[in-house]
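See below for coords-v5.pdb, which holds PDB, C-alpha atoms and all ligand atoms.
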```pdb
MODEL        1
ATOM      1  CA  MET A1118      22.233 -25.900  21.902
ATOM      2  CA  ALA A1119      24.704 -23.160  21.045
ATOM      3  CA  SER A1120      24.494 -23.852  17.301
ATOM      4  CA  LYS A1121      20.686 -23.955  17.345
ATOM      5  CA  PHE A1122      20.689 -20.567  18.986
ATOM      6  CA  GLY A1123      23.166 -19.368  16.382
ATOM      7  CA  ILE A1124      20.928 -20.480  13.544
ATOM      8  CA  PHE A1125      17.968 -18.784  15.174
ATOM      9  CA  LEU A1126      19.939 -15.550  15.467
ATOM     10  CA  LEU A1127      21.058 -15.802  11.865
ATOM     11  CA  ALA A1128      17.490 -16.325  10.654
ATOM     12  CA  PHE A1129      16.306 -13.409  12.766
ATOM     13  CA  TYR A1130      19.055 -11.221  11.399
ATOM     14  CA  MET A1131      18.199 -12.146   7.825
ATOM     15  CA  ILE A1132      14.515 -11.348   8.283
ATOM     16  CA  THR A1133      15.141  -7.924   9.831
ATOM     17  CA  ALA A1134      17.831  -7.116   7.286
ATOM     18  CA  ALA A1135      15.532  -8.011   4.403
ATOM     19  CA  SER A1136      12.685  -5.773   5.492
ATOM     20  CA  ALA A1137      14.932  -2.821   6.281
ATOM     21  CA  ALA A1138      17.231  -3.124   3.301
ATOM     22  CA  GLY A1139      14.530  -3.573   0.708
ATOM     23  CA  SER A1140      12.361  -0.644   1.626
ATOM     24  CA  ILE A1141      13.565   2.223  -0.579
ATOM     25  CA  TYR A1142      14.287  -0.011  -3.581
ATOM     26  CA  GLN A1143      10.867  -1.620  -3.187
ATOM     27  CA  ASN A1144       8.922   1.603  -2.819
ATOM     28  CA  ILE A1145      10.646   4.282  -4.826
ATOM     29  CA  ASP A1146      11.889   5.061  -8.328
ATOM     30  CA  LEU A1147      14.406   7.792  -9.024
ATOM     31  CA  THR A1148      12.710   9.623 -11.864
ATOM     32  CA  TRP A1149      14.882  12.526 -12.973
ATOM     33  CA  GLY A1150      18.218  14.226 -12.402
ATOM     34  CA  ASP A1151      20.521  11.999 -14.413
ATOM     35  CA  GLY A1152      22.355  10.337 -11.504
ATOM     36  CA  ARG A1153      21.901  13.213  -9.054
ATOM     37  CA  GLY A1154      19.464  11.090  -7.053
ATOM     38  CA  LYS A1155      21.064   8.112  -5.310
ATOM     39  CA  ILE A1156      19.900   5.164  -3.258
ATOM     40  CA  LEU A1157      22.626   4.235  -0.770
ATOM     41  CA  ASN A1158      23.425   1.905   2.128
ATOM     42  CA  ASN A1159      21.685  -1.094   0.686
ATOM     43  CA  GLY A1160      18.437   0.785   0.177
ATOM     44  CA  GLN A1161      18.246   2.462   3.559
ATOM     45  CA  LEU A1162      19.169   5.967   2.477
ATOM     46  CA  LEU A1163      18.324   8.173  -0.459
ATOM     47  CA  THR A1164      19.923  11.445  -1.470
ATOM     48  CA  LEU A1165      18.795  14.056  -3.958
ATOM     49  CA  SER A1166      21.198  16.665  -5.181
ATOM     50  CA  LEU A1167      21.082  19.893  -7.079
ATOM     51  CA  ASP A1168      23.723  21.724  -9.052
ATOM     52  CA  LYS A1169      23.642  24.535 -11.566
ATOM     53  CA  SER A1170      22.512  22.286 -14.421
ATOM     54  CA  SER A1171      19.825  20.204 -12.713
ATOM     55  CA  GLY A1172      18.009  19.065  -9.616
ATOM     56  CA  SER A1173      16.639  15.569  -9.086
ATOM     57  CA  GLY A1174      13.562  13.733  -7.928
ATOM     58  CA  PHE A1175      11.837  10.484  -7.111
ATOM     59  CA  GLN A1176       8.346   9.056  -6.937
ATOM     60  CA  SER A1177       6.643   6.138  -5.252
ATOM     61  CA  LYS A1178       6.180   3.038  -7.369
ATOM     62  CA  ASN A1179       2.632   2.694  -6.096
ATOM     63  CA  GLN A1180      -0.395   4.903  -6.339
ATOM     64  CA  TYR A1181      -2.556   5.232  -3.264
ATOM     65  CA  LEU A1182      -6.149   6.096  -2.539
ATOM     66  CA  PHE A1183      -5.897   7.112   1.126
ATOM     67  CA  GLY A1184      -2.967   6.393   3.331
ATOM     68  CA  LYS A1185      -0.452   7.585   5.840
ATOM     69  CA  VAL A1186       2.908   8.363   4.299
ATOM     70  CA  ASP A1187       5.875   9.064   6.570
ATOM     71  CA  MET A1188       9.377   9.954   5.600
ATOM     72  CA  ASP A1189      12.460  11.187   7.423
ATOM     73  CA  LEU A1190      14.244  14.106   5.790
ATOM     74  CA  LYS A1191      17.432  15.956   6.529
ATOM     75  CA  LEU A1192      17.396  19.158   4.523
ATOM     76  CA  VAL A1193      20.178  20.934   2.634
ATOM     77  CA  PRO A1194      22.528  22.396   5.284
ATOM     78  CA  GLY A1195      24.416  25.687   5.291
ATOM     79  CA  ASN A1196      23.572  28.241   2.654
ATOM     80  CA  SER A1197      20.493  26.668   1.050
ATOM     81  CA  ALA A1198      19.068  29.939  -0.280
ATOM     82  CA  GLY A1199      17.051  29.440  -3.440
ATOM     83  CA  THR A1200      16.753  25.673  -3.045
ATOM     84  CA  VAL A1201      13.357  24.038  -2.694
ATOM     85  CA  THR A1202      12.903  20.518  -1.357
ATOM     86  CA  THR A1203       9.433  19.201  -2.089
ATOM     87  CA  TYR A1204       7.530  16.270  -0.672
ATOM     88  CA  TYR A1205       3.983  15.770  -1.846
ATOM     89  CA  LEU A1206       1.193  13.485  -2.899
ATOM     90  CA  SER A1207      -0.364  14.175  -6.270
ATOM     91  CA  SER A1208      -2.708  12.696  -8.822
ATOM     92  CA  GLN A1209      -2.465  13.371 -12.556
ATOM     93  CA  GLY A1210      -4.257  15.711 -14.928
ATOM     94  CA  ALA A1211      -5.778  19.168 -15.022
ATOM     95  CA  THR A1212      -8.208  18.555 -12.169
ATOM     96  CA  HIS A1213      -5.626  16.876 -10.018
ATOM     97  CA  ASP A1214      -5.515  16.660  -6.243
ATOM     98  CA  GLU A1215      -2.338  17.453  -4.369
ATOM     99  CA  ILE A1216      -1.085  17.622  -0.799
ATOM    100  CA  ASP A1217       2.046  19.693  -0.788
ATOM    101  CA  LEU A1218       5.015  20.293   1.494
ATOM    102  CA  GLU A1219       7.835  22.491   0.228
ATOM    103  CA  PHE A1220      10.871  23.416   2.239
ATOM    104  CA  LEU A1221      12.280  26.752   1.140
ATOM    105  CA  GLY A1222      15.963  27.123   1.939
ATOM    106  CA  ASN A1223      17.669  30.169   3.353
ATOM    107  CA  VAL A1224      21.069  31.708   3.936
ATOM    108  CA  THR A1225      23.195  30.157   6.688
ATOM    109  CA  GLY A1226      21.697  30.688  10.128
ATOM    110  CA  GLN A1227      18.311  31.884   8.843
ATOM    111  CA  PRO A1228      15.241  29.680   9.113
ATOM    112  CA  TYR A1229      13.692  27.479   6.469
ATOM    113  CA  THR A1230      10.054  28.011   5.546
ATOM    114  CA  LEU A1231       7.724  25.021   5.397
ATOM    115  CA  HIS A1232       5.207  25.931   2.726
ATOM    116  CA  THR A1233       2.061  23.785   2.499
ATOM    117  CA  ASN A1234      -0.838  23.741   0.069
ATOM    118  CA  ILE A1235      -3.802  21.538  -0.763
ATOM    119  CA  PHE A1236      -5.309  21.187  -4.221
ATOM    120  CA  SER A1237      -8.650  19.573  -4.832
ATOM    121  CA  GLN A1238     -10.056  19.142  -8.319
ATOM    122  CA  GLY A1239      -7.211  21.234  -9.746
ATOM    123  CA  LYS A1240      -7.755  24.172  -7.433
ATOM    124  CA  GLY A1241      -5.117  25.147  -4.858
ATOM    125  CA  GLY A1242      -4.552  28.547  -3.309
ATOM    126  CA  ARG A1243      -4.733  27.116   0.202
ATOM    127  CA  GLU A1244      -1.287  28.097   1.382
ATOM    128  CA  GLN A1245      -0.152  27.910   4.955
ATOM    129  CA  GLN A1246       3.469  28.491   5.907
ATOM    130  CA  PHE A1247       5.378  27.588   9.023
ATOM    131  CA  ARG A1248       8.699  27.943  10.719
ATOM    132  CA  LEU A1249      10.029  24.779  12.303
ATOM    133  CA  TRP A1250      10.858  24.576  16.000
ATOM    134  CA  PHE A1251      14.215  22.915  15.268
ATOM    135  CA  ASP A1252      17.010  23.113  12.732
ATOM    136  CA  PRO A1253      15.847  20.722   9.961
ATOM    137  CA  THR A1254      19.372  20.365   8.539
ATOM    138  CA  THR A1255      21.266  18.798  11.442
ATOM    139  CA  ASP A1256      19.127  15.680  11.961
ATOM    140  CA  PHE A1257      16.431  13.607  10.367
ATOM    141  CA  HIS A1258      12.861  14.612  11.211
ATOM    142  CA  THR A1259       9.698  12.786  10.258
ATOM    143  CA  TYR A1260       7.220  14.500   7.968
ATOM    144  CA  SER A1261       3.861  12.777   7.591
ATOM    145  CA  ILE A1262       0.806  13.115   5.441
ATOM    146  CA  LEU A1263      -2.312  11.393   6.706
ATOM    147  CA  TRP A1264      -5.015  11.266   4.086
ATOM    148  CA  ASN A1265      -8.295   9.575   4.869
ATOM    149  CA  PRO A1266     -11.919  10.219   3.891
ATOM    150  CA  GLN A1267     -12.497  12.586   6.838
ATOM    151  CA  SER A1268      -9.396  14.740   6.737
ATOM    152  CA  ILE A1269      -5.868  15.469   5.635
ATOM    153  CA  ILE A1270      -3.383  15.999   8.451
ATOM    154  CA  ILE A1271       0.206  17.152   7.949
ATOM    155  CA  SER A1272       2.492  16.361  10.882
ATOM    156  CA  VAL A1273       6.080  17.062  11.815
ATOM    157  CA  ASP A1274       7.649  14.553  14.209
ATOM    158  CA  GLY A1275       4.144  13.443  15.116
ATOM    159  CA  THR A1276       2.932  16.960  15.884
ATOM    160  CA  PRO A1277       0.077  18.010  13.596
ATOM    161  CA  VAL A1278       0.686  21.385  11.984
ATOM    162  CA  ARG A1279      -2.254  21.510   9.601
ATOM    163  CA  GLU A1280      -5.614  19.856   9.100
ATOM    164  CA  PHE A1281      -7.886  20.066   6.062
ATOM    165  CA  LYS A1282     -11.265  18.583   6.818
ATOM    166  CA  ASN A1283     -13.629  17.043   4.360
ATOM    167  CA  MET A1284     -16.259  19.748   3.896
ATOM    168  CA  GLN A1285     -17.861  18.353   0.785
ATOM    169  CA  THR A1286     -21.271  18.836   2.328
ATOM    170  CA  ALA A1287     -20.515  22.592   2.408
ATOM    171  CA  GLY A1288     -19.488  22.483  -1.262
ATOM    172  CA  VAL A1289     -15.691  22.287  -0.888
ATOM    173  CA  PRO A1290     -14.244  19.613  -3.184
ATOM    174  CA  TYR A1291     -12.272  17.023  -1.227
ATOM    175  CA  PRO A1292      -9.596  14.708  -2.628
ATOM    176  CA  ASN A1293     -11.245  11.330  -2.398
ATOM    177  CA  ASN A1294     -11.516   9.742  -5.793
ATOM    178  CA  GLN A1295      -8.188  10.227  -7.580
ATOM    179  CA  PRO A1296      -5.264   7.982  -6.642
ATOM    180  CA  MET A1297      -2.062   9.819  -5.791
ATOM    181  CA  ARG A1298       1.612   8.995  -5.852
ATOM    182  CA  ALA A1299       4.227  10.325  -3.422
ATOM    183  CA  TYR A1300       6.864  12.575  -4.989
ATOM    184  CA  SER A1301       9.927  14.433  -3.875
ATOM    185  CA  SER A1302      12.313  16.744  -5.622
ATOM    186  CA  LEU A1303      15.176  19.094  -4.991
ATOM    187  CA  TRP A1304      15.300  22.006  -7.390
ATOM    188  CA  ASP A1305      16.257  25.634  -7.635
ATOM    189  CA  ALA A1306      13.836  28.530  -7.419
ATOM    190  CA  GLU A1307      16.176  31.408  -6.739
ATOM    191  CA  ASP A1308      13.815  33.733  -8.581
ATOM    192  CA  TRP A1309      11.312  33.624  -5.731
ATOM    193  CA  ALA A1310      12.120  31.141  -3.003
ATOM    194  CA  THR A1311      14.303  33.095  -0.639
ATOM    195  CA  GLN A1312      13.135  36.426   0.673
ATOM    196  CA  GLY A1313      11.087  36.984  -2.435
ATOM    197  CA  GLY A1314      13.984  36.252  -4.808
ATOM    198  CA  ARG A1315      16.277  38.925  -3.358
ATOM    199  CA  VAL A1316      18.719  36.273  -2.150
ATOM    200  CA  LYS A1317      20.194  34.186  -4.963
ATOM    201  CA  THR A1318      21.623  30.706  -4.836
ATOM    202  CA  ASP A1319      25.337  30.509  -4.076
ATOM    203  CA  TRP A1320      26.402  28.022  -6.732
ATOM    204  CA  SER A1321      29.933  27.845  -5.320
ATOM    205  CA  LYS A1322      28.337  25.713  -2.538
ATOM    206  CA  ALA A1323      26.832  23.213  -5.039
ATOM    207  CA  PRO A1324      26.013  20.385  -5.172
ATOM    208  CA  PHE A1325      23.270  20.810  -2.574
ATOM    209  CA  THR A1326      22.061  17.577  -1.019
ATOM    210  CA  ALA A1327      18.949  16.499   0.894
ATOM    211  CA  THR A1328      18.866  13.077   2.561
ATOM    212  CA  TYR A1329      15.946  10.722   3.080
ATOM    213  CA  ARG A1330      15.267   7.529   4.976
ATOM    214  CA  ASN A1331      12.433   5.400   6.376
ATOM    215  CA  TYR A1332       9.891   5.864   3.601
ATOM    216  CA  ASN A1333       6.786   4.260   4.984
ATOM    217  CA  ALA A1334       3.419   4.170   3.273
ATOM    218  CA  ASN A1335       0.606   2.626   5.256
ATOM    219  CA  ALA A1336      -1.773   3.042   2.430
ATOM    220  CA  CYS A1337      -4.432   1.560   0.221
ATOM    221  CA  VAL A1338      -2.546   0.731  -2.959
ATOM    222  CA  TRP A1339      -4.494   1.449  -6.129
ATOM    223  CA  THR A1340      -3.946  -0.948  -9.023
ATOM    224  CA  ASN A1341      -6.111  -1.228 -12.126
ATOM    225  CA  GLY A1342      -9.037   0.531 -10.512
ATOM    226  CA  GLN A1343      -8.915  -1.615  -7.378
ATOM    227  CA  SER A1344      -7.925  -0.653  -3.852
ATOM    228  CA  SER A1345      -5.853  -3.077  -1.791
ATOM    229  CA  CYS A1346      -8.067  -2.075   1.149
ATOM    230  CA  HIS A1347     -11.221  -3.181  -0.617
ATOM    231  CA  GLY A1348     -13.142  -5.538   1.603
ATOM    232  CA  SER A1349     -10.392  -5.755   4.184
ATOM    233  CA  THR A1350     -11.410  -6.157   7.787
ATOM    234  CA  PRO A1351     -10.467  -4.751  10.149
ATOM    235  CA  VAL A1352     -10.036  -1.366   8.538
ATOM    236  CA  ALA A1353      -6.592   0.134   9.210
ATOM    237  CA  SER A1354      -6.641   2.490  12.196
ATOM    238  CA  TRP A1355      -5.314   5.481  10.210
ATOM    239  CA  MET A1356      -8.389   5.247   7.967
ATOM    240  CA  ASN A1357     -10.575   6.673  10.742
ATOM    241  CA  GLN A1358      -7.922   8.666  12.545
ATOM    242  CA  GLN A1359      -8.937  12.135  13.665
ATOM    243  CA  LEU A1360      -7.223  14.688  15.869
ATOM    244  CA  ASP A1361      -7.932  13.961  19.515
ATOM    245  CA  ALA A1362      -8.037  16.772  22.095
ATOM    246  CA  THR A1363      -4.309  16.523  22.852
ATOM    247  CA  SER A1364      -3.356  16.665  19.159
ATOM    248  CA  GLN A1365      -5.700  19.622  18.643
ATOM    249  CA  LYS A1366      -3.906  21.470  21.434
ATOM    250  CA  ARG A1367      -0.505  20.724  19.933
ATOM    251  CA  MET A1368      -1.647  21.895  16.516
ATOM    252  CA  GLN A1369      -2.929  25.109  18.074
ATOM    253  CA  TRP A1370       0.451  25.565  19.746
ATOM    254  CA  VAL A1371       2.214  25.240  16.388
ATOM    255  CA  GLN A1372      -0.206  27.530  14.600
ATOM    256  CA  LYS A1373       0.006  30.162  17.319
ATOM    257  CA  ASN A1374       3.809  30.149  17.540
ATOM    258  CA  TYR A1375       5.136  28.982  14.187
ATOM    259  CA  MET A1376       2.607  29.791  11.487
ATOM    260  CA  ILE A1377       3.823  32.691   9.354
ATOM    261  CA  TYR A1378       1.166  32.730   6.650
ATOM    262  CA  ASN A1379      -2.408  31.498   6.558
ATOM    263  CA  TYR A1380      -4.654  31.995   3.531
ATOM    264  CA  CYS A1381      -7.596  31.717   5.884
ATOM    265  CA  THR A1382      -6.700  35.012   7.553
ATOM    266  CA  ASP A1383      -5.626  36.841   4.388
ATOM    267  CA  PHE A1384      -8.557  39.220   4.082
ATOM    268  CA  GLN A1385      -6.719  41.416   1.562
ATOM    269  CA  ARG A1386      -6.413  38.512  -0.791
ATOM    270  CA  PHE A1387     -10.081  37.583  -0.509
ATOM    271  CA  PRO A1388     -11.930  40.898  -0.426
ATOM    272  CA  GLN A1389     -15.151  39.132  -1.444
ATOM    273  CA  GLY A1390     -14.903  36.835   1.570
ATOM    274  CA  LEU A1391     -12.715  34.008   2.754
ATOM    275  CA  PRO A1392     -12.927  30.548   1.157
ATOM    276  CA  VAL A1393     -15.751  28.453   2.582
ATOM    277  CA  GLU A1394     -13.469  26.035   4.423
ATOM    278  CA  CYS A1395     -11.948  28.949   6.355
ATOM    279  CA  LYS A1396     -15.230  29.844   7.951
ATOM    280  CA  ALA A1397     -15.599  26.558   9.821
TER
HETATM  281  C1  LIG B   1      14.840  33.529   5.515
HETATM  282  O1  LIG B   1      15.251  34.340   6.566
HETATM  283  C2  LIG B   1      14.646  35.618   6.611
HETATM  284  C3  LIG B   1      15.260  36.410   7.734
HETATM  285  O2  LIG B   1      15.135  35.732   8.953
HETATM  286  C4  LIG B   1      13.137  35.487   6.717
HETATM  287  O3  LIG B   1      12.523  36.751   6.647
HETATM  288  C5  LIG B   1      12.608  34.601   5.598
HETATM  289  O4  LIG B   1      11.224  34.385   5.748
HETATM  290  C6  LIG B   1      13.343  33.253   5.635
HETATM  291  N1  LIG B   1      12.824  32.281   4.712
HETATM  292  C7  LIG B   1      12.801  32.364   3.377
HETATM  293  C8  LIG B   1      12.296  31.214   2.635
HETATM  294  O5  LIG B   1      13.196  33.355   2.789
ENDMDL
END
```
Turn the structure described in the file into structure tokens.
Ligand SMILES: *[C@@H]1O[C@H](CO)[C@@H](O)[C@H](O)[C@H]1NC(C)=O
Amino acid sequence: MASKFGIFLLAFYMITAASAAGSIYQNIDLTWGDGRGKILNNGQLLTLSLDKSSGSGFQSKNQYLFGKVDMDLKLVPGNSAGTVTTYYLSSQGATHDEIDLEFLGNVTGQPYTLHTNIFSQGKGGREQQFRLWFDPTTDFHTYSILWNPQSIIISVDGTPVREFKNMQTAGVPYPNNQPMRAYSSLWDAEDWATQGGRVKTDWSKAPFTATYRNYNANACVWTNGQSSCHGSTPVASWMNQQLDATSQKRMQWVQKNYMIYNYCTDFQRFPQGLPVECKA
């Protein structure tokens, strides 16, 4: 009896270990940075680092056409001024689509900026920026991009901060026919990133390191012009997910208290009138 139970436990342990340990190796390729990106702890942790000569980056092995991509990030601690940690989905080419999160570092004790943008058919200019309601450098927090045919929703620890609805019927191009990969990078943008470039990177603190775990793509994988979701029933729940009343309220709370820039209220920038999607 005891040994049977032991074997059962061992099998259970092996199954859980396999799914957890394989995840980053299975999903992600380190793409640049010449050893500055590292996959650690048997594939459970990834770090990107930046020094004076280079940053580093990774991308998902798969391309997706719709999905929900979650990842836990712990950002560069201490004096991170000038550093930019990006996390985005993007397709290729001049008329590419892109869903963008960029974390702009700051001097010790001053807040990061979460900069977001959405490109459709090569056109961006849809910036919204936020403060976070926690210190993103002391712990992991989950940053999610939900992308389905109805809307794009960016969430932080499950709280939606931004929604971009499909308004194709009003003439706003919507990303829905170009497969995208997930990307992340850590690089230096001291010329503009921190307080408009007035604060430079303190290279004596290098290398700067951001840490990642729990990459999770619930997504339709796109291979050779075919979606893995094609013909699948039932359709995954995220595919039809919309903001319910509670989520709407939480998003409003974030936007009221933590949004520091919104292109949709930047009348100076759009003297001829705000973009169509802002008028909804
Ligand atoms: C850095 O901190 C300053 C002062 O609190 C703030 O004005 C600025 O927006 C912060 N973020 C960046 C990216 O500079």
Could you give me the residues within 10 Å of ligand LIG 1 (chain B), counting only C-alpha atoms and all ligand atoms, as a ChimeraX atom specification?
/A:1197-1201,1220-1232,1246-1248,1309-1316,1377
Any chance you could work out the residue set of the PyMOL selection byres (((chain A and resi 1272) around 10) and not hetatm) here, as a ChimeraX atom specification?
/A:1187,1259-1263,1269-1271,1273-1280,1368
Of A:Pro1296, A:Pro1351, A:Pro1324, A:Pro1392, the one nearest to Asn1179 in chain A when counting all atoms listed in the file is A:Pro1296
Point out the residue among A:Gly1241, A:Gly1184, A:Pro1253, A:Pro1194 with the least atom-to-atom distance to Val1352 in chain A, counting only C-alpha atoms.
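Residue with the minimum atom-to-atom distance to Val1352 in chain A: A:Gly1184.
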Once the PyMOL selection byres (((chain A and resi 1326) around 6) and not hetatm) is applied to the coordinates I shared, what remains selected? I want it as a PyMOL selection string.
chain A and resi 1165-1166+1193+1325+1327
I need the residue nearest Asp1252 in chain A from this list: A:Pro1266, A:Gly1239, A:Gly1195, A:Pro1292. Use all atoms listed in the file for the distance.
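Smallest separation from Asp1252 in chain A among the options: A:Gly1195.
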Which residue is closest to Glu1244 in chain A? Choose from A:Asp1217, A:Asn1159, A:His1258, A:Arg1153 and count all atoms listed in the file.
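Using all atoms listed in the file, Glu1244 in chain A sits closest to A:Asp1217.
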Tell me which of A:Ala1323, A:Tyr1332, A:Arg1243, A:Lys1282 sits closest to Leu1391 in chain A, counting all atoms listed in the file.
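Closest residue, counting all atoms listed in the file: A:Arg1243.
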Which is closest to Leu1218 in chain A among A:Asn1283, A:Gln1238, A:Ser1302, A:Ser1268, if we use only C-alpha atoms?
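Among the listed residues, the smallest separation from Leu1218 in chain A belongs to A:Ser1302.
What the PyMOL selection byres (((chain A and resi 1174) around 8) and not hetatm) picks from this file is Leu1147, Thr1148, Trp1149, Gly1150, Gly1154, Leu1165, Gly1172, Ser1173, Phe1175, Gln1176, Tyr1300, Ser1301, Ser1302 and Leu1303 of chain A.
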To one decimal in Å, tell me the separation between CA of Tyr1380 in chain A and CA of Met1188 in chain A.
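Value for the CA of Tyr1380 in chain A-CA of Met1188 in chain A distance: 26.2 Å.
In this structure, CA of Glu1307 in chain A sits 21.3 Å away from CA of Asp1151 in chain A.
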May I have the protein, DNA and RNA residues with any atom at most 6 Å from the point (7.7, 17.9, 1.8), counting all atoms listed in the file, written as a list of chain:residue names?
A:Thr1203, A:Tyr1204, A:Tyr1205, A:Leu1218, A:Glu1219
Correct to one decimal, the distance CA of Ala1362 in chain A-CA of Leu1182 in chain A is 26.9 Å
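Residues in contact with Cys1346 in chain A at 9 Å, where all atoms listed in the file are counted and same-chain residues fewer than 6 positions away are skipped, are listed as Ala1336, Cys1337, Val1338, Trp1339, Val1352 and Ala1353 of chain A.
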